[in-house]
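Novice: So that we are looking at the same thing, I have put the structure below in structure tokens.
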Amino acid sequence: MSHDDHHHGHSHGSAHAHGDHHHELGFWQKYVFSVDHKVIGIQYAVTALVFLFFGFTLMMLMRYQLAYPKGTFPSFFAKIFGAANMPGGTMLPEFYNQLGAMHGTIMVFLGVVPLAVGGFGNFVLPLQIGAPDMAFPRLNMASYWVFFVGGVVMLFSFFVTGGAAQSGWTSYPPLSNIAPFGQTLWLIGMVFLITSSLLGSVNFIVTTVQLRAEGLSFFRLPFFVWAQFVTAFLLLLAFPPLEAAGVLQLMDRVAGTSFFMPEGLVVGNRMVEVAGEGNPLLWQHLFWFLAHPEVYVLILPAMGIVGEVIAINTRKPLWGYRLVVYSVIFLGFMSFIVWAHHMFMTGMGTTMSAFFQTTTMIISIPSVIILTAFVISLFGASIRYTVPMMFALAFLPMFAIGGLTGLPLGLTAADIHLHDTYYVIGHFHYVVAPGTLMGLFAGVYHWFPKATGRKMNDMLGKLHFWGTLIFLNGAFLPMFWIGMAGVSRRLYDQTKYFHGDAVQDLTVLSSWSVWLLGIAQIPFIINFFASMRVGKKVSDNPWAATTLEWAAPSPPPHGNFAVVPVVYRGPYEYSVPGAASDFSPQFVAKA
Amino acid sequence: MDTSPYGWWFPPNISMHGAGIDRIIDVVHWFMAVLFVGWGIFFVYCLIKFRARPGHQASYQLPKAKISKVAEVGVLVFEVFLLVGLSMPVWSKYRNDPPKAEENPMEIRVVAEQFAWNFHYPGADGKFGRTHPRFMAADNLIGLDRSDPLAADDIALNNKFYMPKDRPIVLRLTSKDVIHSIWIPVMRVKQDVIPGMEIPVWFTATQTGHYQIGCAQLCGNNHFTMISDLFVQEPEEFRQWQLEQKSSGGEEEEEEDA
């Protein structure tokens, strides 16, 4: 096939004499159906940022219902959402449940993972290992477009009869099995998103193993590459069970099977016609077998970014580099045997619960090591308070709160009181929102100059940082008290409970913080787009950093490097005694 | 109640086993606070002491951090204590140690549905009448087989639950439709209710009063309304109440105030 031949020639060409085909690419091939890892990375990142903001607006709507359960929405909203969702300005519970389920799904599968892995992984990883591109560029393009289709299916589901999925992002059957048509689209969308992640993960693993520059041994890899590498294995091994589960639930819904349906179900006092003999718990096992490693898929790339940014801005080597790498690998392994701690309340006996709470305690150890290593790295440093560094530093205490509050949830006895309450919501949001998102923002500010040749504005960046930090905490800190008081998650109106009514003021506080958090993102949006055009032009290595991506021109051309890089030393050689400057890049023979 | 016992901390605890759960949560939070504050002091110290400024240089030498090893081992040891010393014994009693016959436990079947809690009392004979899904209807929410003689004195309540204090209660949890989760904050009881399974849970109340039983697992549109009243009574008062109940065979709810 001529197309194939062209492509082979092309990828060889990009390894040796890249610029050759550069001018041949038309607009569509260059910016839309591109096989260049940098374009795909930016496509992923921008799409994911849009989805993140969209997923966040769903929450802003929900927070209004939560704060003012007895009030009505302003008429503007009533008009937009219509009588089917908000008759007379009153949000219907089914619409609330749709927003909730889709908020979770969008933030995790269409926001954070595509940004952390598809965006940063794609853009940075090949550059950091000195590769001209990913190992399989067309697979990479396929991964993005499959993801895109999955996203469109998810969005479209809001417009079908009965609305989008509304059984929580966890979609527990039998509730999800008897839910309206939107659930079917959710399952189809998930199959696309999972397939996309699988394509991506294979690519990341092969690229890291095969395409490292000369001299770049595994223990000279930047920590970010390690984080992405382990993440890719998690995606590769954890997602297939969920894909299978998704197909089984789809069969339950459209083909009349009953993998997850026991017999004798009576819904609304009518017997449900199913064959029966299925078990709803099977879904939970399959789901959490993915979804716990998924937590580490969300957190590891952010940790990788934070490690990079901290090393560069402390001007000294990362403390315990090898220890941290071993911890990440160990974390990856352990993440496969903790899943049932999400299911402590399903009627688990002493032995099973003992096993899973023990593994859960064990998995906290490598996280503590990584966090400790990052903090010790500050000792004896010369800390540059750049915008990415501020986000990276804020990640540390935020992730610490997220990690620590996992302890009581991991102990079954304490979990009896806290399970499925706002305490859980507070806990995992501290891991993913003030935690991971801070790390991802650090990454945006850090690598923006590489992607565009321009720097983002500092003042807007600092405004964004402080607003985000304050209002994220305002949104999530109250949830620990709300949860302690016993308020369950996913309640349309908590004031119906005695204990819920007692903490309603905290819920109002949280809601206002969420809306202000939305406003705090405006400087970022302005900064992001304006800096592309008018940002300060900077050199190829504006942060005086040591890793390979800073050897490439900014923005790097198709094929990345003007000269094929060779690696001479470890990733974080800063302030080396006797060196000419305070950084000794990996790619410079004598520094 | 004059002043609400509910506030910005735990709801009141009126169960025998609840204190153990509350103690674990307390201990873990003190442990977390010590770690976070200790860690935070070091963090802030570094942020100020090692800021970039003219004349200050980063050191290439990495600190020999013995303290971090001590801290790691300390965390590990304390986590083992939390697990073996606190969590596992409480859990084992909560899940694997049902009340013994001589404690005279009272068994009640719970039939959860969208969006209500149904309670099936065995009545004076202490035996449950037969139930089957095909009998379930608007006037027979628990699907009681009325042809069964054992069903004659059974009591069925909808979103109302009466129980005596100081006597172990065993709830046999079942669901008609989807997964629910019974959540009795004041009893420190939470247990998923899964269709196709019967899961027992037990507790003993130490105080009388009017409380709530809720659903902790999203179960559909009106999940938030799935709340049952819970009346804990003096044993004598409860016996009186039980005598006043005619067998309802699942057909109606009792209108009674405690």
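The way I read the labels, and the way they are meant: chains A, B, ... in the order of the structure tokens, residue 1 as the first residue of every chain, and ligand 1 as the first ligand shown, with later ones counted on from there.
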Write down as a list in words the residues of stretch 109-253 of chain B whose backbone DSSP state falls under helix (DSSP H, G or I).
Specialist: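 Taking stretch 109-253 of chain B and keeping helix (DSSP H, G or I) only, one gets Pro133, Arg134, Phe135, Pro149, Leu150, Ala151, Pro185, Val186, Met187, His223, Phe224, Thr225, Pro235, Glu236, Glu237, Phe238, Arg239, Gln240, Trp241, Gln242, Leu243 and Glu244 of chain B.
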Novice: A:Lys462: which residues within 10 Å, counting only C-alpha atoms, same-chain residues fewer than 5 positions away excluded, as JSON, numbers by chain?
Specialist: {"A": [386, 387, 388, 390, 391, 457, 467, 468, 523, 524]}
Novice: Considering only C-alpha atoms, can you say which of B:Ile194, B:Ala71, B:Glu103, B:Lys127 comes closest to B:Leu35?
Specialist: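 Distance minimum relative to B:Leu35 lands on B:Ala71.
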Novice: I need the contact residues of chain B against chain A, so if you could list those with any atom within 6 Å, counting only C-alpha atoms, and return them as number ranges by chain, that would help.
Specialist: B: 6-11, 21, 25, 46, 50-52, 57-60, 87, 91-92, 133, 136-137, 176-178, 188, 190-192, 196, 216, 221, 224
Novice: Tell me, which residues of stretch 8-154 of chain B carry DSSP strand (DSSP E), written as a list in words?
Specialist: Met106, Glu107, Ile108, Arg109, Val110, Val111, Ala112, Glu113, Ala116, Trp117, Asn118, Phe119, His120 and Tyr121 of chain B
Novice: Selection from above, C-alpha atoms, as a PDB file, in the first residue's frame, can you write it?
Specialist:
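Written out: result.pdb:
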```
ATOM      1  CA  MET B 106     -34.690  -9.720  68.317  1.00  0.00           C
ATOM      2  CA  GLU B 107     -34.667 -10.496  64.614  1.00  0.00           C
ATOM      3  CA  ILE B 108     -36.316  -8.261  62.038  1.00  0.00           C
ATOM      4  CA  ARG B 109     -36.276  -8.636  58.279  1.00  0.00           C
ATOM      5  CA  VAL B 110     -35.564  -5.478  56.299  1.00  0.00           C
ATOM      6  CA  VAL B 111     -36.887  -5.225  52.757  1.00  0.00           C
ATOM      7  CA  ALA B 112     -35.397  -2.198  51.025  1.00  0.00           C
ATOM      8  CA  GLU B 113     -36.989  -0.748  47.929  1.00  0.00           C
ATOM      9  CA  ALA B 116     -38.382   3.182  51.350  1.00  0.00           C
ATOM     10  CA  TRP B 117     -37.383   0.865  54.168  1.00  0.00           C
ATOM     11  CA  ASN B 118     -39.845  -1.927  55.002  1.00  0.00           C
ATOM     12  CA  PHE B 119     -39.540  -3.756  58.295  1.00  0.00           C
ATOM     13  CA  HIS B 120     -40.938  -7.224  58.817  1.00  0.00           C
ATOM     14  CA  TYR B 121     -41.418  -8.230  62.465  1.00  0.00           C
TER      15      TYR B 121
END
```
Novice: Tell me which of A:Ser539, A:Gln228, A:Ser157, A:Gln284 sits closest to A:Ala552, counting only C-alpha atoms.
Specialist: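 Closest candidate: A:Ser539.
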Novice: Which residues come within 10 Å of A:Val534, counting only C-alpha atoms, excluding same-chain residues fewer than 5 positions away, as a ChimeraX atom specification?
Specialist: /A:454-457,527,529
Novice: Put those residues in a file: C-alpha atoms, as a PDB file, in the first residue's frame.
Specialist:
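Wrote it out as selection-v1.pdb, contents follow:
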```pdb
ATOM      1  CA  ARG A 454       6.791  31.904  24.896  1.00  0.00           C
ATOM      2  CA  LYS A 455       6.344  32.154  28.629  1.00  0.00           C
ATOM      3  CA  MET A 456       3.031  32.580  30.408  1.00  0.00           C
ATOM      4  CA  ASN A 457       2.496  35.795  32.298  1.00  0.00           C
ATOM      5  CA  ASN A 527      -3.118  33.792  30.263  1.00  0.00           C
ATOM      6  CA  PHE A 529      -4.551  31.966  25.100  1.00  0.00           C
TER       7      PHE A 529
END
```
